[in-house]
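Novice: I am attaching a structure below and will ask some questions about it afterwards.
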Amino acid sequence: MIEFDHVVMNFGEKEVLKELSFSIQDGEIFTFIGPSGSGKTTILRLIDILERPTAGKILIDGTDVTTLRDREKIQVRRKMGMVFQKPSPLRGSVYSNVAIGLHFRKIGHQEIDDRVHEALDLVGLKGYEERKATTLSGGEMQRVAIARAVATKPDVLLLDEPTANLDPLSTEKIESLIGALKERFGITVVLSTHDMVQGQRLADRIAVVIDGRIGQIGTSKEIFYHPMNRAVAHMVGVENIFEGIVAANEAGLADIDVNGTRIVAASHSSPGTPVTIYMRPEDITFYAKDSIRSSARNMFSGRITKVVPIGPMVRMKVDAGVKLTAVITQRSFEELGLELGKETELTFKASAIYVVERTE
Amino acid sequence: MSDVVEGIVQAIQLIVSLDQEVLEITARSLMISLSATLVGSLIAIPLGGFIHFKEFGGKRGLITIIQTLYALPTVLAGLLVFLLLSRSGPFGFLGLMFTPTGMIIGQTVLIIPLMLGMTLIALSGVSRTKQDTVISLGATSLQTVITIVKEARFAILGGVILGFGRAISEVGAAMIIGGNIRGYTRVLTTAIALETSMGNLSLSIALGIILLAIAMVVTGFLFLVQER
């Protein structure tokens with residue numbers, strides 16, 4: 001188990017981590033997501049004892065690693081493997097790259113041979129043994145880096161933005177590899193990424209890191225649908241955030257007044273309570289004016305004020321009394337005949353809205 | 001001009017006929033400068049590793065001093081070693097003045113700053129991530145230093161060859177410490193200086209051509225290694 005207890009990290013004047021406390025259980029895939037520069041890499045480096053925190057304790061299996069001597073640090077570090085964002089192949093063959101951690105541990109030649117082949121097989125680079133590591137593609141280099149870490153049979157694998165510089169195909173390979181590692185060896189995987197969808201795909205639990213603090217820790221469902229605050233919501237792509245006051249509540253359906261627009265949400269908040277409401281842009285659906293939609297509580301008319309195509313999807317801003325952001329498929333966009341400046345009908349379910357009571 | 005042409009012709013004759021004295025001077029030059037390069041490397045590379053990996057007060061200042069000493073005048077290095085080795089100096093009892101060993105010491109002192117500086121540049125050329133990768137793979141401090149030095153080996157080798165080039169081409173230290181004794185401490189550069197002053201141009205040119213040829217072989221070797 002890895003525990004951070006009020007960890008502070010300063011680089012010169014800059015406060016990079018601010019009183020961080022969390023724990024990572026054995027055998028889970030734990031992901032830190034956050035924008036670049038939020039402190040994710042520093043957290044991983046602290047776990048691998050590559051940095052010493054300015055204040056606070058870091059416990060690995062109950063031992064405070066911040067006070068260890070160099071020799072003891074190496075012993076703890078040898079139970080972990082770290083893969084950096086930049087793969088950094090060493091000179092020489094793929095084989096010698098994967099074997100190096102084992103040489104450091106003075107493991108016998110036969111076992112090194114077995115483990116190198118096993119690790120390369122695992123990452124799908126069987127037959128690459130004699131290739132020069134520096135001549136590989138980015139994705140291959142990153143897989144060599146993973147094989148290099150895995151060959152040492154770590155209890156904990158730390159992956160710092162392992163797919164940040166890779167093409168989608170390589171990313172997919174590495175993601176399925178991470179899943180396989182947990183399945184086959186029960187390794188604890190600690191991952192950092194700025195790609196929230198990757199976090200969602202891989203993680204048992206996610207910690208959202210914003211500006212050196214942890215905004216929220218939870219399962220992907222909790223984080224993506226029940227963000228604890230505005231900053232987390234922004235980070236995980238919840239683009240519809242409004243403040244309002246509960247006007248009425250009937251059997252768990254709150255009627256919320258948002259600047260004069262009424263929105264119905266599943267909530268037990270009592271009338272008069274100030275609330276913040278969150279809704280993902282994917283949860284808004286559009287329909288042709290004459291078709292009938294009865295199940296949804298919230299039905300609005302609005303004017304499309306902005307259209308941005310993103311791959312097979314279209315992101316739209318719609319002014320429906322409140323300014324909504326919606327994402328629909330390009331196909332639906334065309335079939336419904338939507339375009340910039342046009343009036344449209346839209347709806348969303350009361351259950352798609354997450355309501356948080358405001359305390360201030 | 002005809003002197004020069006005549007000199008070149010004679011030089012070629014001397015080289016082709018494997019003139020005993022020319023061969024002997026060349027062999028001695030190589031022996032002394034290669035020894036100085038070897039001893040210098042054995043000191044400069046580990047020391048460079050130590051300076052690169054260790055954090056200590058005054059590190060920046062030390063590196064500046066090392067860089068300044070790249071330009072250490074050869075006669076000054078000669079003078080320094082002369083003061084140490086001469087009869088009245090602290091190491092006078094060793095009797096190393098006017099010996100090839102004394103010349104090796106002189107050239108070693110001369111080229112250590114250069115090789116040390118080049119080692120530092122080579123090591124700082126290895127990315128921080130690579131160093132962290134090595135540490136994260138469970139390397140001890142010694143294993144880290146060895147691995148990173150190995151990573152920088154071609155750049156370090158460049159520094160070693162540069163040191164050799166400076167050693168074999170210098171005349172000041174060799175003259176002051178060796179004394180240019182025929183058959184004992186005379187090397188290519190001191191011989192060229194002497195023969196030229198005596199008007200013996202053909203021998204000077206022959207020795208000059210050999211010196212250049214050695215430089216060419218050395219740079220060619222460096223090129224080959226770095227191409228690999």
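How things are named: the first chain in the structure tokens is A, the next is B, and so on; residues count from 1 in each chain; ligands count from 1 in the order shown.
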Kindly provide, as a list in words, the residues of chain A having any atom no farther than 7 Å from an atom of chain B, counting only C-alpha atoms.
Specialist: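 The answer, sorted by residue number, is Asp48, Ile74, Arg77, Arg78, Gly81, Met82, Ser88, Leu90, Arg91, Gly101, Phe104 and Ala149 of chain A.
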Novice: Export all heavy atoms of the chosen residues as an mmCIF file, in the first residue's frame?
Specialist:
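As a result, part39.cif now contains:
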data_model
loop_
_atom_site.group_PDB
_atom_site.id
_atom_site.type_symbol
_atom_site.label_atom_id
_atom_site.label_comp_id
_atom_site.auth_asym_id
_atom_site.auth_seq_id
_atom_site.Cartn_x
_atom_site.Cartn_y
_atom_site.Cartn_z
ATOM 1 N N ASP A 48 8.457 6.838 -6.393
ATOM 2 C CA ASP A 48 9.659 6.083 -6.776
ATOM 3 C C ASP A 48 10.916 6.568 -6.024
ATOM 4 O O ASP A 48 12.036 6.156 -6.353
ATOM 5 C CB ASP A 48 9.870 6.192 -8.294
ATOM 6 C CG ASP A 48 10.674 5.013 -8.845
ATOM 7 O OD1 ASP A 48 10.614 3.924 -8.237
ATOM 8 O OD2 ASP A 48 11.367 5.183 -9.862
ATOM 9 N N ILE A 74 17.239 2.107 -2.286
ATOM 10 C CA ILE A 74 17.404 1.237 -3.463
ATOM 11 C C ILE A 74 16.609 -0.049 -3.269
ATOM 12 O O ILE A 74 15.944 -0.519 -4.194
ATOM 13 C CB ILE A 74 18.907 0.955 -3.713
ATOM 14 C CG1 ILE A 74 19.606 2.237 -4.153
ATOM 15 C CG2 ILE A 74 19.094 -0.127 -4.769
ATOM 16 C CD1 ILE A 74 21.125 2.173 -4.117
ATOM 17 N N ARG A 77 13.022 0.809 -3.863
ATOM 18 C CA ARG A 77 12.835 1.155 -5.272
ATOM 19 C C ARG A 77 12.868 -0.084 -6.168
ATOM 20 O O ARG A 77 12.206 -0.137 -7.190
ATOM 21 C CB ARG A 77 13.919 2.155 -5.690
ATOM 22 C CG ARG A 77 13.556 2.953 -6.896
ATOM 23 C CD ARG A 77 14.686 3.857 -7.304
ATOM 24 N NE ARG A 77 14.810 5.041 -6.487
ATOM 25 C CZ ARG A 77 15.964 5.422 -5.912
ATOM 26 N NH1 ARG A 77 17.065 4.728 -6.073
ATOM 27 N NH2 ARG A 77 16.004 6.517 -5.189
ATOM 28 N N ARG A 78 13.640 -1.069 -5.748
ATOM 29 C CA ARG A 78 13.748 -2.289 -6.568
ATOM 30 C C ARG A 78 12.455 -3.110 -6.575
ATOM 31 O O ARG A 78 12.335 -4.057 -7.334
ATOM 32 C CB ARG A 78 14.928 -3.144 -6.083
ATOM 33 C CG ARG A 78 16.242 -2.577 -6.567
ATOM 34 C CD ARG A 78 17.419 -3.438 -6.228
ATOM 35 N NE ARG A 78 18.640 -2.856 -6.801
ATOM 36 C CZ ARG A 78 19.843 -3.366 -6.643
ATOM 37 N NH1 ARG A 78 20.003 -4.473 -5.934
ATOM 38 N NH2 ARG A 78 20.889 -2.780 -7.194
ATOM 39 N N GLY A 81 8.680 -0.377 -10.514
ATOM 40 C CA GLY A 81 9.197 -0.118 -11.854
ATOM 41 C C GLY A 81 8.557 1.162 -12.344
ATOM 42 O O GLY A 81 7.370 1.389 -12.085
ATOM 43 N N MET A 82 9.338 2.005 -12.984
ATOM 44 C CA MET A 82 8.745 3.260 -13.472
ATOM 45 C C MET A 82 8.987 3.411 -14.970
ATOM 46 O O MET A 82 10.080 3.158 -15.458
ATOM 47 C CB MET A 82 9.336 4.453 -12.714
ATOM 48 C CG MET A 82 8.766 5.777 -13.173
ATOM 49 S SD MET A 82 8.731 7.009 -11.852
ATOM 50 C CE MET A 82 8.154 8.443 -12.737
ATOM 51 N N SER A 88 13.354 7.063 -23.344
ATOM 52 C CA SER A 88 14.780 6.983 -23.018
ATOM 53 C C SER A 88 15.416 5.611 -23.191
ATOM 54 O O SER A 88 15.828 4.993 -22.212
ATOM 55 C CB SER A 88 15.026 7.401 -21.564
ATOM 56 O OG SER A 88 14.910 8.749 -21.435
ATOM 57 N N LEU A 90 18.369 3.068 -23.770
ATOM 58 C CA LEU A 90 19.818 3.153 -23.594
ATOM 59 C C LEU A 90 20.476 2.618 -24.859
ATOM 60 O O LEU A 90 19.859 1.890 -25.633
ATOM 61 C CB LEU A 90 20.252 2.320 -22.386
ATOM 62 C CG LEU A 90 19.615 2.734 -21.052
ATOM 63 C CD1 LEU A 90 19.917 1.704 -19.982
ATOM 64 C CD2 LEU A 90 20.119 4.102 -20.625
ATOM 65 N N ARG A 91 21.739 2.981 -25.056
ATOM 66 C CA ARG A 91 22.483 2.472 -26.215
ATOM 67 C C ARG A 91 22.505 0.948 -26.172
ATOM 68 O O ARG A 91 22.532 0.370 -25.108
ATOM 69 C CB ARG A 91 23.921 2.973 -26.178
ATOM 70 C CG ARG A 91 24.088 4.379 -26.676
ATOM 71 C CD ARG A 91 25.564 4.716 -26.680
ATOM 72 N NE ARG A 91 25.785 6.141 -26.738
ATOM 73 C CZ ARG A 91 25.770 6.842 -27.867
ATOM 74 N NH1 ARG A 91 25.570 6.247 -29.025
ATOM 75 N NH2 ARG A 91 25.966 8.139 -27.845
ATOM 76 N N GLY A 101 18.006 -3.777 -15.701
ATOM 77 C CA GLY A 101 17.540 -3.762 -14.306
ATOM 78 C C GLY A 101 17.882 -5.059 -13.597
ATOM 79 O O GLY A 101 18.117 -5.085 -12.383
ATOM 80 N N PHE A 104 21.546 -5.001 -12.674
ATOM 81 C CA PHE A 104 21.725 -4.201 -11.452
ATOM 82 C C PHE A 104 21.453 -5.052 -10.217
ATOM 83 O O PHE A 104 22.058 -4.866 -9.179
ATOM 84 C CB PHE A 104 20.777 -2.994 -11.433
ATOM 85 C CG PHE A 104 21.097 -1.932 -12.455
ATOM 86 C CD1 PHE A 104 20.104 -1.089 -12.938
ATOM 87 C CD2 PHE A 104 22.389 -1.761 -12.936
ATOM 88 C CE1 PHE A 104 20.387 -0.105 -13.867
ATOM 89 C CE2 PHE A 104 22.688 -0.784 -13.868
ATOM 90 C CZ PHE A 104 21.675 0.046 -14.339
ATOM 91 N N ALA A 149 10.816 -2.421 -17.293
ATOM 92 C CA ALA A 149 10.326 -2.295 -15.915
ATOM 93 C C ALA A 149 9.691 -3.606 -15.449
ATOM 94 O O ALA A 149 9.920 -4.049 -14.321
ATOM 95 C CB ALA A 149 9.331 -1.147 -15.832
#
Novice: I want to know what sits within 12 Å of Ala193 of chain B, based on only C-alpha atoms, with residues of the same chain fewer than 2 positions away left out; could you give that as a list in words?
Specialist: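 Near neighbours after the sequence-gap exclusion: Ser169, Glu170, Val171, Gly172, Ala174, Met175, Asn180, Arg186, Val187, Leu188, Thr189, Thr190, Ala191, Glu195, Thr196, Ser197, Met198, Gly199, Asn200, Leu201, Leu203, Ser204, Ile205, Leu207 and Gly208 of chain B.
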Novice: List the spatial neighbours of Ile328 of chain A as a list in words - criterion: any atom at most 8 Å away, only C-alpha atoms, same-chain residues fewer than 4 positions off excluded.
Specialist: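 Contacts, in chain order: Glu282, Thr285, Met313, Val314, Arg315, Ser332 and Phe333 of chain A.
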Novice: Give me, as a list in words, all polymer residues having an atom no more than 8 Å from segment 49-59 of chain B, counting only C-alpha atoms and skipping those fewer than 6 positions away in the same chain.
Specialist: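 The neighbour list is Thr119, Leu120, Leu123, Ser124, Val145 and Val149 of chain B.
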Novice: Compile the contact shell of segment 90-96 of chain B as a PyMOL selection string: residues with an atom at most 12 Å away, counting only C-alpha atoms, same-chain residues fewer than 5 positions apart removed.
Specialist: chain B and resi 80-85+101-106+177-179+185
Novice: Could you name the residues that touch Arg115 of chain A at 12 Å or less, counting only C-alpha atoms, but leaving out those on the same chain fewer than 4 positions away, as a ChimeraX atom specification?
Specialist: /A:95-96,98-103,107-111,119-122,147-153
Novice: Find the distance between atom CA of Asn10 of chain A and atom CA of Val189 of chain A and write it in Å to one decimal.
Specialist: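 Separating atom CA of Asn10 of chain A from atom CA of Val189 of chain A is a distance of 25.7 Å.
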Novice: Neighbouring residues of Glu129 of chain A were defined as those with any atom within 7 Å, considering only C-alpha atoms; residues of the same chain fewer than 2 positions away were excluded. Please report them as a PDB file with C-alpha atoms, in the first residue's frame.
Specialist:
ATOM      1  CA  SER A  93      20.171  -3.817 -28.228  1.00  0.00           C
ATOM      2  CA  VAL A  94      16.592  -4.208 -27.091  1.00  0.00           C
ATOM      3  CA  TYR A  95      17.791  -7.263 -25.147  1.00  0.00           C
ATOM      4  CA  GLY A 127      12.049 -11.280 -32.104  1.00  0.00           C
ATOM      5  CA  ARG A 131      17.438  -4.678 -32.753  1.00  0.00           C
TER       6      ARG A 131
END
Novice: Within segment 120-304 of chain A, find each residue whose DSSP state, derived from the backbone, is strand (DSSP E or B), and express the selection as a PyMOL selection string.
Specialist: chain A and resi 132+156-160+188-193+205-210+213-218+240-250+253-258+261-266+274-279+285-287+298-304
Novice: Kindly export the residues of the current selection with C-alpha atoms, as a JSON list (two decimals), in the first residue's frame.
Specialist:
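Final output, out_17.json:
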[["chain", "number", "residue", "atom", "x", "y", "z"],
["A", 132, "LYS", "CA", 19.09, -1.40, -31.74],
["A", 156, "VAL", "CA", 4.15, -1.56, -8.24],
["A", 157, "LEU", "CA", 4.36, -0.23, -11.78],
["A", 158, "LEU", "CA", 4.46, 3.56, -12.18],
["A", 159, "LEU", "CA", 3.54, 4.89, -15.61],
["A", 160, "ASP", "CA", 3.95, 8.60, -16.29],
["A", 188, "THR", "CA", -0.44, -2.34, -8.53],
["A", 189, "VAL", "CA", -0.44, 0.12, -11.42],
["A", 190, "VAL", "CA", -0.16, 3.84, -10.77],
["A", 191, "LEU", "CA", -0.71, 5.86, -13.90],
["A", 192, "SER", "CA", -0.73, 9.53, -14.73],
["A", 193, "THR", "CA", -2.50, 10.92, -17.76],
["A", 205, "ARG", "CA", -9.95, 4.60, -9.06],
["A", 206, "ILE", "CA", -9.11, 8.07, -10.31],
["A", 207, "ALA", "CA", -7.63, 11.04, -8.50],
["A", 208, "VAL", "CA", -8.14, 14.38, -10.20],
["A", 209, "VAL", "CA", -5.10, 16.57, -9.62],
["A", 210, "ILE", "CA", -5.60, 20.28, -10.09],
["A", 213, "ARG", "CA", -4.12, 19.47, -4.93],
["A", 214, "ILE", "CA", -6.38, 16.47, -5.24],
["A", 215, "GLY", "CA", -9.79, 17.67, -6.36],
["A", 216, "GLN", "CA", -11.52, 14.33, -5.96],
["A", 217, "ILE", "CA", -10.77, 10.63, -5.63],
["A", 218, "GLY", "CA", -13.28, 8.04, -6.75],
["A", 240, "ASN", "CA", -22.73, 22.43, -18.27],
["A", 241, "ILE", "CA", -22.35, 23.94, -14.83],
["A", 242, "PHE", "CA", -25.05, 26.24, -13.48],
["A", 243, "GLU", "CA", -25.90, 27.79, -10.18],
["A", 244, "GLY", "CA", -29.52, 27.97, -9.12],
["A", 245, "ILE", "CA", -31.98, 27.73, -6.26],
["A", 246, "VAL", "CA", -34.39, 24.88, -5.62],
["A", 247, "ALA", "CA", -37.88, 26.30, -6.14],
["A", 248, "ALA", "CA", -39.86, 23.16, -5.36],
["A", 249, "ASN", "CA", -39.31, 19.49, -4.67],
["A", 250, "GLU", "CA", -41.75, 16.71, -5.31],
["A", 253, "LEU", "CA", -37.60, 15.70, -8.34],
["A", 254, "ALA", "CA", -36.31, 19.19, -7.70],
["A", 255, "ASP", "CA", -37.48, 22.12, -9.75],
["A", 256, "ILE", "CA", -34.44, 24.37, -9.93],
["A", 257, "ASP", "CA", -34.50, 28.01, -10.92],
["A", 258, "VAL", "CA", -31.44, 28.90, -12.97],
["A", 261, "THR", "CA", -35.09, 29.04, -16.48],
["A", 262, "ARG", "CA", -36.62, 26.02, -14.76],
["A", 263, "ILE", "CA", -34.62, 22.77, -14.80],
["A", 264, "VAL", "CA", -35.91, 19.55, -13.27],
["A", 265, "ALA", "CA", -33.30, 17.34, -11.64],
["A", 266, "ALA", "CA", -33.27, 14.19, -9.52],
["A", 274, "PRO", "CA", -28.77, 27.16, -3.36],
["A", 275, "VAL", "CA", -27.28, 24.47, -5.60],
["A", 276, "THR", "CA", -24.76, 23.94, -8.37],
["A", 277, "ILE", "CA", -25.90, 21.59, -11.11],
["A", 278, "TYR", "CA", -23.67, 19.60, -13.45],
["A", 279, "MET", "CA", -24.52, 17.90, -16.72],
["A", 285, "THR", "CA", -30.41, 15.03, -27.11],
["A", 286, "PHE", "CA", -31.94, 16.90, -30.02],
["A", 287, "TYR", "CA", -35.14, 16.09, -31.86],
["A", 298, "ASN", "CA", -36.59, 18.94, -19.48],
["A", 299, "MET", "CA", -37.62, 20.08, -22.96],
["A", 300, "PHE", "CA", -36.32, 23.32, -24.39],
["A", 301, "SER", "CA", -36.12, 25.33, -27.58],
["A", 302, "GLY", "CA", -32.87, 27.11, -28.30],
["A", 303, "ARG", "CA", -30.75, 28.76, -30.94],
["A", 304, "ILE", "CA", -27.44, 27.23, -32.03]]
Novice: Counting only C-alpha atoms, figure out which residue out of B:Gly125, B:Gly40, B:Gly89, B:Gly183 gets nearest to Pro113 of chain B.
Specialist: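 Smallest separation from Pro113 of chain B among the options: B:Gly40.
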